[in-house]
Amino acid sequence: MKKLYCYPGRLPMALLFNLLLSFFVSGQLLALSPPQNVVSGLVTDTHGLPMAGVDIVVESKNIGTITDMDGSFSIQAGPTDVLLFSMVGFKTLSVPVSGRGEMIVQIEEDVTALGEVVVNAGYYKVSEKERTGSIATIKASVIDKQPVANPLAAMQGHMSGVNIVQSTGVPGGGFTVEVRGRNFLSGVSDPLFIVDGVPFGSQSLGALRVSNEILGANVSPLNAINPSDIESIEVLKDADATAIYGSRGANGVVLITTKKGKEGKTKFDAHVSTALGKVSHFLELMNTQQYLEVRREGVINDGYGSFLDNPALDYIWPDIKSWDNSRYTDWQDELIGGTAYRNNAQLSISGGSQNTHFLISGAYQKETTVFPGDSNYKRGTLRSQLDHSSENGKFKVNLSMGYSNEKNKMPGSDFTSKAYSLEPNAPALYDDDGNINWENNTWDNPIASLEENYVARSNTMIANAVVSYSILKDLVFRSSMGFTDYRLDSYRTMPSSARNPSLGYTSQSYSNLITNGSQRQSWIVEPQIQWKKGLGAFSLDMLMGATFQWETSDQEVIRGLGFPSNELIQNLAAARTLEIITDLDSEYRYNAVFGRINLKVLDRYILNLTGRRDGSSRFGPGKQFGNFGALGVAWIFSEENIFGEHSILSYGKLRASYGTTGSDNIGDYQYLDTYSVSGNDYDGVTALEPTGIFNPQFGWEENKKLETALELGFFNDRLLLNTAWYRNRSSNQLVGIPLAATTGFTELTGNFDALVENSGLEVDLRTINIQSSTVSWSTTFNLTIPKNRLVAFDGLESSTFVNQYIVGEPLTIVKLYHAMGVDSETGLYQFEDYNGDGAISSTEDRQWIEDLAPKFYGGLGNTLRLGNFTLDAFFQFKKQRAFNTTRFRATPGFKENGPVALLDRWQNPGDMVSVQRAFSGLAPTGGLDGFQKESNAAVSDASFIRLRNIYLNYNVPSLKDGLDVNVYVQGQNLWTITGYNGPDPEQPSGLRLPPLRQISLGLQVSF
Amino acid sequence: MKIFRKYTDNQMNAMGSGLHLKSVFFNLVLLWLGLLVSACSDFLEVDPPRNTLISETVFRDPATVESALANLYYSMREEQGLVSGITGLTPAMGIYGDGLDYYGFSADYLQMYNHNLMAENDVVLAWWRQAYNVIYSANAIIEGVEKSSDLTTVEINSAKGQALFVRAYFHSLLVLLYGDVPFIADTDYLENNKVSRMPEAEVYSRIIADLEEAIILLEGFEPSSNERVVPDLHAAMALLSRMYLYVENWEMADEMATELIAVFPLDTDLDQVFLKDSPETIWQLKPEEGRNTYEATQLIIPSVPGQTYALTDDLLDSFEVGDLRLDQWVGSVSDADETITLHYANKYRADANETTSVEYSILFRCSEQYLIRAEARVHLENNVGARTDLNSIRNRAGLQDIVANTQSELLEAILQERRVELFTEQGHRWFDLKRTGRVNEVMGAKKDNWRSTDVLLPIPETELDTNPNLLPQNPGY
């Protein structure tokens, strides 16, 4: 609106709406501005205390000053000029001089008024103050402080009710996301992702045979979105917010909105940063001497001690007999101890005039790994955003487009589990000539994995156009049209040179290449009509729309075997034989009508009704349609008269919602009775394999969500406290019901009559502790206490889930043996014999229950600004239990290294120790090792408090007008407090690289 | 004020016409929504993916029926199966029995070799799953062709006959390995999900009934290839003769074996018995073009160290002096300093890929029929005939006629002859020990951990969990 002053003459009068009217009037007067006078005065805060350092400018003129220590000022201005008073942390105030020579001005702290904070709810926008639903948001200001590659990483810990776990520290990997817990037995908890209005499939198209060993086949398509292009991420949680997404809203909805250009002069924004990353925690493993001691002991305990002296059997235990017994290598340091570099450069240009805005942003990132070798991940992204409105404001168009190109070149498999298990005296990786050392063919050299390449290239394009036209003042027709195209081309090479030469493989007989070419395309059209009307104390906002969505995906996995030489291994055409492993395509169509009616009375009583009728091609005839809807109500009680102007309670709202959502997250064509081409043949005849049992009976999964919340603001909203309680009940569970093999299949998809409840409490607190011209300090805190429970499950006892779930317990339980320590006489692990049959064997003895879901989690962030310095520290915390190192190593003596704690083993009758006697895997007592891994001893506390992010920024004092320079240093996962016995409590696995600890340095220049 | 009034006038006009427009508009919206809903079902129609056929379609065309049958044979040949493939019966039952020593490190195989087998063993589970998966596929074909109105009787009969044979074959392996097992004869997953185990004797009679029906249906069926790679009438007869032997129906075993012996002559050259065109082969699985058998790649020891399986000394010692099979069907290899020499089965010799496959995995060959008939004849008190059959096998191996005379001597000689003739072939030795009641005596002396309950494999633990009707577990697990 400010800008309107600049060009008043150009605007035809008739086109201005009443809102602009007053400005227009003053604009007219401005044209006749009389001679300049000196205006002087005093600036104070709301308590009457003088304010120093307040910027004062005469609007639309190049005249400015700042207030003195005592808050006084004087400035040249005409009697009709307008003075603008601004200061960081305070609201900008414009005061017309109106012929005065002196004035006293009070400026207010800028605690952003809740009514002005607009939250994106997908199909509509709503102010923070008036929303009836549960919506968590993070803004660019939080995202930009974190040097992460995936938007999901930026959300970790910042949002109540949203639990995100990174599945690997290898670049290009994925995340698991749960919004308010696990709703479905099927385990699919992915929320619906919508990028600038376009649904974006977050499921990986990775092929198991290509990327399983390096990324767990979880290649997250969301890696294509550059976090610094994001303006805000909203997570819709309750029924009121998600029911409008109907059958896809059950697991929550994540809305990603990208940055847009702003009116004003063209702005250039350049940003470069470099990060160094290391594995944050190493396990304490046995050294060579310790290892060989227990190893020999194990062989002797197993009764093979005398065989150790027979040189003919040396090949069985090269670690004891052939390899240098004094050699020691810290394999963690060797294999995952490197430094990963991440370099990032970004340039964006934005600007626009009154009617047209644009933004173009390009970024390039390169990230290396902690592994040996030169593996790296590169990503280039390009994003553009253009919006335009007609002169009369009736017609608007918005175009947003994003393209990204990723190339990920990694070793064929993750070195992490090798780093934990390799014998400490294993031979050198390379011989003196720099060749892979096979040590007379006595071992499988892990470094050979570097000969195997995993290369993935992906191209992602997301485009969306929204056109809208105000047919009438109250009535807007709008349609969005979106398109996504995600293409993943990856391959893995397995040359014969990566295998032990004693196997006699040659490139002709062994070398093979597996390629995965997959693509997912979708388009969506959503025409909508919105009607807004205010009638006295009532105001009504109605929305009606329809969705047509179409998605296809295909995947082709091909294996080429036998190459003339390993040099040609990347060329499928050179392969001796080609085998089509997968040739899949699927089509998904989705159609819906939806609507919203929002009624507001006296700005304090709000009723919000949303609904959707959905049809999905994933279901059989007669089961394709479903209806979903929700009711939300809110009472802004602070608007009631009993709360005066000066009440410490500045804002109070009670809200509640109830409704249903669904989930069709089960894959396509599951209801058909089908035969598929498996790609195999017998005697020249292509084999057709039965792949499905006809099952037209299954329908939507349903999730009924209930929420009530109390939102309070104190001290002029400087302290905001939101407390929400929710209870989501999911029924009609669609699951692959495990079938007995006697049916011919191992599972069948169907609706199961089971009820899963997720309830919980979410607390969000935001405070502004100090706010002044030089110092400000604000705090955010969120806490989620979730509870998951299987409420009912008819016929669980006779069902196939009988050994997996218990009514009344969470879905996240595991049933384990009950470890009862080591028998001091036999030196073997002991377990509770639940069924009393004298043996520990069957599932009946796995009755110990551990819940692996977090008990509570959240985050605490503080932002402190001191002059030009900003310090931001964010802690993430989680209380949980998880599998520890016993899960992968419970007994010493195997031909694999293990934690040093295993040295505390049983050796002689009477020993009271925690670890059973050494065992080399040759005698039958080994079963007990397996039981221990499956027992409660393998689960322990994995709670943690982690300094997820610390950020120190220095805003270089302006060298030149309009030039803004920021230098920052940032740390990710720098410090963790945990009692966890394992690699990393955040991602408790002994197989995958944990998330890294990173330090980065960045420079941001904008002008 | 003038401006303001002008504005409000405009606004009033807009609202006035708006009311009218609005009603028209909402009518249009309603109409539009109505259209959307009715159009929905059409919009939601999707074509099946290009790699998938609806079952009904499969059984309209003899070519796709043949493809469904090809899947059965493919499944038998490839990995994770109990017939051939990496996890096949040959190596696994060799180490579980007294034919092979195990030098590998697979925990599942070590359990089998050391006789501390657990119900969680993955091999035991994979076999069970594969068997019933193939049985399902066979049943689906039987039901599919029976319902089809587009196939000729000849097409229906040949497909159904093959499927019945396959169903019988897998049930025969299941009952031998696990004892009482469910006999699955349809595709009803609701019933089959809670099925109970059927007593062994009943399973055998169902198998025999299937085979008898298959023999009728396959009468006159000529597979397109003459390589004996698709089971025909003779394959069904060979299995039936084996089943009669197992249920001790000596007359019928004798009769079936006699019919087969008339058709499949013994190959006189031991070196050629396991080549793909050996005349004595009744049914074999054809490898992928250019590959040879898993039997060869698994059993042949390329170098020492480097062995996974080796023939036991016990087996080697059981060959009589002068037995040509010891020279021609057994290979040996030593380590660099010649301190260790290991022996391996050298029946299949092509362990590398070649342009054209030279060896196929043989599942039924006629020398077994000679031995079946010999055994049946002993029980039918035709000792002369029994000796003739036994001598046919012995003479080919360069051995003299058998001297055994009494019934028990002859039975002993047949058991011994089966051992040296059929070693490392689909677990024959193990099944022989089991059915002749010798297993405790023989294995007890050879395996430290032997328990009499080892005679049956455990029902896989996860299957007992999934379907408690399969309880109780076999004794000892």
# chains A, B, ... in the order shown; residues from 1 in each chain; ligands from 1
call {"tool": "interface_residues", "arguments": {"of": "chain B", "to": "chain A", "cutoff": "6 Å", "atoms": "only C-alpha atoms", "output": "ChimeraX atom specification"}}
result
/B:44,49,51-55,67-68,70-71,74,129,132-133,136,189,192-193,463,466-467
call {"tool": "residues_around", "arguments": {"residues": "A:Leu236", "least_positions_apart": "5", "cutoff": "12 Å", "atoms": "only C-alpha atoms", "output": "NGL selection string"}}
result
:A and (119-123 or 131-137 or 159-162 or 179-180 or 191-194 or 241-245 or 248-256)
call {"tool": "write_last_selection", "arguments": {"atoms": "C-alpha atoms", "output": "short mmCIF file (atom, residue, chain, number, x, y, z; two decimals), in the first residue's frame"}}
result
data_model
loop_
_atom_site.label_atom_id
_atom_site.label_comp_id
_atom_site.auth_asym_id
_atom_site.auth_seq_id
_atom_site.Cartn_x
_atom_site.Cartn_y
_atom_site.Cartn_z
CA VAL A 119 -1.85 -19.69 7.79
CA ASN A 120 -2.17 -21.72 4.67
CA ALA A 121 -4.85 -24.37 5.05
CA GLY A 122 -4.55 -25.68 1.51
CA TYR A 123 -7.73 -24.75 -0.26
CA ARG A 131 -8.50 -20.77 12.66
CA THR A 132 -10.64 -23.60 13.94
CA GLY A 133 -8.24 -26.37 13.00
CA SER A 134 -4.91 -27.61 14.20
CA ILE A 135 -2.14 -26.40 11.94
CA ALA A 136 1.57 -26.35 12.76
CA THR A 137 3.80 -24.03 10.79
CA MET A 159 6.47 -29.12 15.23
CA SER A 160 4.38 -30.67 17.92
CA GLY A 161 2.70 -33.89 16.90
CA VAL A 162 5.10 -34.47 14.03
CA VAL A 179 1.82 -37.00 12.14
CA ARG A 180 0.20 -37.85 15.45
CA PRO A 191 1.16 -37.84 5.17
CA LEU A 192 -0.08 -36.28 1.95
CA PHE A 193 2.53 -33.88 0.60
CA ILE A 194 1.34 -30.88 -1.39
CA ALA A 241 -7.98 -29.05 8.76
CA THR A 242 -7.68 -32.41 7.00
CA ALA A 243 -11.23 -33.53 6.22
CA ILE A 244 -11.21 -31.36 3.12
CA TYR A 245 -8.54 -33.76 1.85
CA ARG A 248 -5.97 -38.81 1.71
CA GLY A 249 -6.05 -36.78 4.91
CA ALA A 250 -5.94 -39.52 7.52
CA ASN A 251 -2.20 -39.31 8.08
CA GLY A 252 -2.14 -35.53 8.02
CA VAL A 253 -1.27 -33.16 5.21
CA VAL A 254 2.02 -31.34 4.70
CA LEU A 255 1.74 -28.16 2.66
CA ILE A 256 4.96 -26.79 1.25
#
call {"tool": "select_by_dssp", "arguments": {"residues": "stretch 769-883 of chain A", "states": "strand (DSSP E or B)", "output": "PyMOL selection string"}}
result
chain A and resi 769-771+775-793+813-817+819-822+829-831+848-851+856-866+869-879+881-883
call {"tool": "closest_residue", "arguments": {"among": "B:Phe221, B:Trp128, B:Trp250, B:Tyr169", "to": "B:Glu381", "atoms": "only C-alpha atoms"}}
result
B:Trp250
call {"tool": "residues_around", "arguments": {"residues": "B:Ile141", "least_positions_apart": "5", "cutoff": "10 Å", "atoms": "only C-alpha atoms", "output": "list in words"}}
result
Pro690 of chain A; Ser55, Val58, Phe59, Val65, Glu66, Ala68, Leu69, Ile135, Tyr136, Glu146, Lys147, Ile156, Ala159, Lys160, Gln162, Ala163, Leu164 and Thr187 of chain B
call {"tool": "write_last_selection", "arguments": {"atoms": "C-alpha atoms", "output": "PDB file, in the first residue's frame"}}
result
ATOM      1  CA  PRO A 690      -0.407 -65.550 -10.148  1.00  0.00           C
TER       2      PRO A 690
ATOM      3  CA  SER B  55      -7.210 -64.504 -14.406  1.00  0.00           C
ATOM      4  CA  VAL B  58      -5.436 -66.202 -18.913  1.00  0.00           C
ATOM      5  CA  PHE B  59      -7.679 -69.238 -19.305  1.00  0.00           C
ATOM      6  CA  VAL B  65      -2.334 -71.362 -20.106  1.00  0.00           C
ATOM      7  CA  GLU B  66       0.998 -72.723 -21.271  1.00  0.00           C
ATOM      8  CA  ALA B  68       0.893 -70.324 -16.443  1.00  0.00           C
ATOM      9  CA  LEU B  69       2.238 -73.885 -16.564  1.00  0.00           C
ATOM     10  CA  ILE B 135       0.433 -75.978  -5.280  1.00  0.00           C
ATOM     11  CA  TYR B 136      -1.764 -72.855  -5.330  1.00  0.00           C
ATOM     12  CA  GLU B 146     -12.209 -76.398 -15.780  1.00  0.00           C
ATOM     13  CA  LYS B 147     -14.231 -73.175 -15.896  1.00  0.00           C
ATOM     14  CA  ILE B 156      -8.010 -78.699 -20.848  1.00  0.00           C
ATOM     15  CA  ALA B 159      -3.110 -78.542 -18.701  1.00  0.00           C
ATOM     16  CA  LYS B 160      -5.082 -80.155 -15.914  1.00  0.00           C
ATOM     17  CA  GLN B 162       0.232 -81.429 -15.756  1.00  0.00           C
ATOM     18  CA  ALA B 163      -1.160 -79.323 -12.904  1.00  0.00           C
ATOM     19  CA  LEU B 164      -2.401 -82.423 -11.073  1.00  0.00           C
ATOM     20  CA  THR B 187      -7.661 -71.939  -4.168  1.00  0.00           C
TER      21      THR B 187
END
call {"tool": "residues_around", "arguments": {"residues": "B:Val455", "least_positions_apart": "6", "cutoff": "9 Å", "atoms": "only C-alpha atoms", "output": "list in words"}}
result
Leu177, Tyr178, Lys434, Val439 and Asn440 of chain B
call {"tool": "residues_around", "arguments": {"residues": "A:Gln332", "least_positions_apart": "3", "cutoff": "10 Å", "atoms": "only C-alpha atoms", "output": "list in words"}}
result
Val279, His281, Phe282, Leu283, Glu284, Leu285, Thr329, Leu335, Ile336, Gly337, Gly338, Phe371, Phe415, Thr416, Ser417, Lys418, Ala419, Tyr420, Ser421 and Leu422 of chain A
call {"tool": "atom_distance", "arguments": {"atom1": "atom CA of B:Asn157", "atom2": "atom CA of B:Leu176"}}
result
28.2 Å
call {"tool": "residues_around", "arguments": {"residues": "stretch 872-878 of chain A", "least_positions_apart": "6", "cutoff": "7 Å", "atoms": "only C-alpha atoms", "output": "ChimeraX atom specification"}}
result
/A:157,854,856-864,943-952
call {"tool": "write_last_selection", "arguments": {"atoms": "N, CA and C atoms", "output": "tab-separated table (two decimals), in the first residue's frame"}}
result
chain	number	residue	atom	x	y	z
A	157	GLY	N	11.68	-31.87	14.99
A	157	GLY	CA	11.68	-31.30	16.33
A	157	GLY	C	10.95	-29.99	16.48
A	854	PRO	N	8.15	-43.22	20.84
A	854	PRO	CA	8.58	-42.23	21.83
A	854	PRO	C	7.50	-41.96	22.88
A	856	PHE	N	7.61	-39.17	24.87
A	856	PHE	CA	7.32	-37.77	24.56
A	856	PHE	C	8.46	-37.21	23.75
A	857	TYR	N	8.21	-36.16	23.04
A	857	TYR	CA	9.27	-35.54	22.26
A	857	TYR	C	8.94	-34.08	22.03
A	858	GLY	N	9.93	-33.33	21.63
A	858	GLY	CA	9.68	-31.91	21.39
A	858	GLY	C	10.96	-31.16	21.13
A	859	GLY	N	10.86	-29.86	21.25
A	859	GLY	CA	12.01	-29.02	20.96
A	859	GLY	C	11.96	-27.74	21.76
A	860	LEU	N	13.14	-27.17	21.95
A	860	LEU	CA	13.25	-25.91	22.66
A	860	LEU	C	14.20	-25.02	21.88
A	861	GLY	N	13.70	-23.90	21.48
A	861	GLY	CA	14.55	-23.00	20.70
A	861	GLY	C	14.64	-21.63	21.34
A	862	ASN	N	15.80	-21.04	21.26
A	862	ASN	CA	16.00	-19.69	21.76
A	862	ASN	C	16.67	-18.86	20.69
A	863	THR	N	16.16	-17.68	20.50
A	863	THR	CA	16.81	-16.77	19.57
A	863	THR	C	17.16	-15.51	20.34
A	864	LEU	N	18.42	-15.18	20.26
A	864	LEU	CA	18.90	-14.02	21.00
A	864	LEU	C	19.54	-13.08	20.00
A	943	SER	N	16.71	-42.38	25.10
A	943	SER	CA	16.25	-41.00	25.17
A	943	SER	C	17.43	-40.08	24.89
A	944	PHE	N	17.14	-38.92	24.38
A	944	PHE	CA	18.24	-38.00	24.11
A	944	PHE	C	17.78	-36.55	24.13
A	945	ILE	N	18.72	-35.72	24.42
A	945	ILE	CA	18.53	-34.28	24.21
A	945	ILE	C	19.65	-33.89	23.27
A	946	ARG	N	19.30	-33.30	22.18
A	946	ARG	CA	20.31	-33.03	21.15
A	946	ARG	C	20.27	-31.57	20.77
A	947	LEU	N	21.44	-30.98	20.74
A	947	LEU	CA	21.54	-29.62	20.22
A	947	LEU	C	21.50	-29.77	18.70
A	948	ARG	N	20.30	-29.77	18.19
A	948	ARG	CA	20.13	-30.06	16.77
A	948	ARG	C	20.72	-28.96	15.90
A	949	ASN	N	20.58	-27.75	16.39
A	949	ASN	CA	20.98	-26.65	15.53
A	949	ASN	C	21.45	-25.47	16.38
A	950	ILE	N	22.61	-24.96	16.05
A	950	ILE	CA	23.02	-23.70	16.68
A	950	ILE	C	23.53	-22.80	15.58
A	951	TYR	N	23.17	-21.55	15.68
A	951	TYR	CA	23.35	-20.66	14.54
A	951	TYR	C	23.74	-19.29	15.06
A	952	LEU	N	24.86	-18.81	14.56
A	952	LEU	CA	25.31	-17.49	14.96
A	952	LEU	C	25.49	-16.65	13.71
call {"tool": "closest_atom_pairs", "arguments": {"of": "stretch 266-303 of chain B", "to": "stretch 396-409 of chain B", "cutoff": "9 Å", "atoms": "only C-alpha atoms", "output": "JSON lines"}}
result
{"residue": "B:Leu266", "atom": "CA", "partner": "B:Arg396", "partner_atom": "CA", "distance": 8.5}
{"residue": "B:Asp267", "atom": "CA", "partner": "B:Arg396", "partner_atom": "CA", "distance": 8.5}
{"residue": "B:Thr268", "atom": "CA", "partner": "B:Arg396", "partner_atom": "CA", "distance": 6.2}
{"residue": "B:Asp269", "atom": "CA", "partner": "B:Arg396", "partner_atom": "CA", "distance": 7.7}
{"residue": "B:Leu270", "atom": "CA", "partner": "B:Ala397", "partner_atom": "CA", "distance": 7.3}
call {"tool": "residues_around", "arguments": {"residues": "stretch 196-204 of chain B", "least_positions_apart": "2", "cutoff": "7 Å", "atoms": "only C-alpha atoms", "output": "list in words"}}
result
Val175, Gly179, Asp180, Val181, Pro182, Phe183, Lys194, Arg206, Ile207, Ile208, Asn469 and Leu470 of chain B
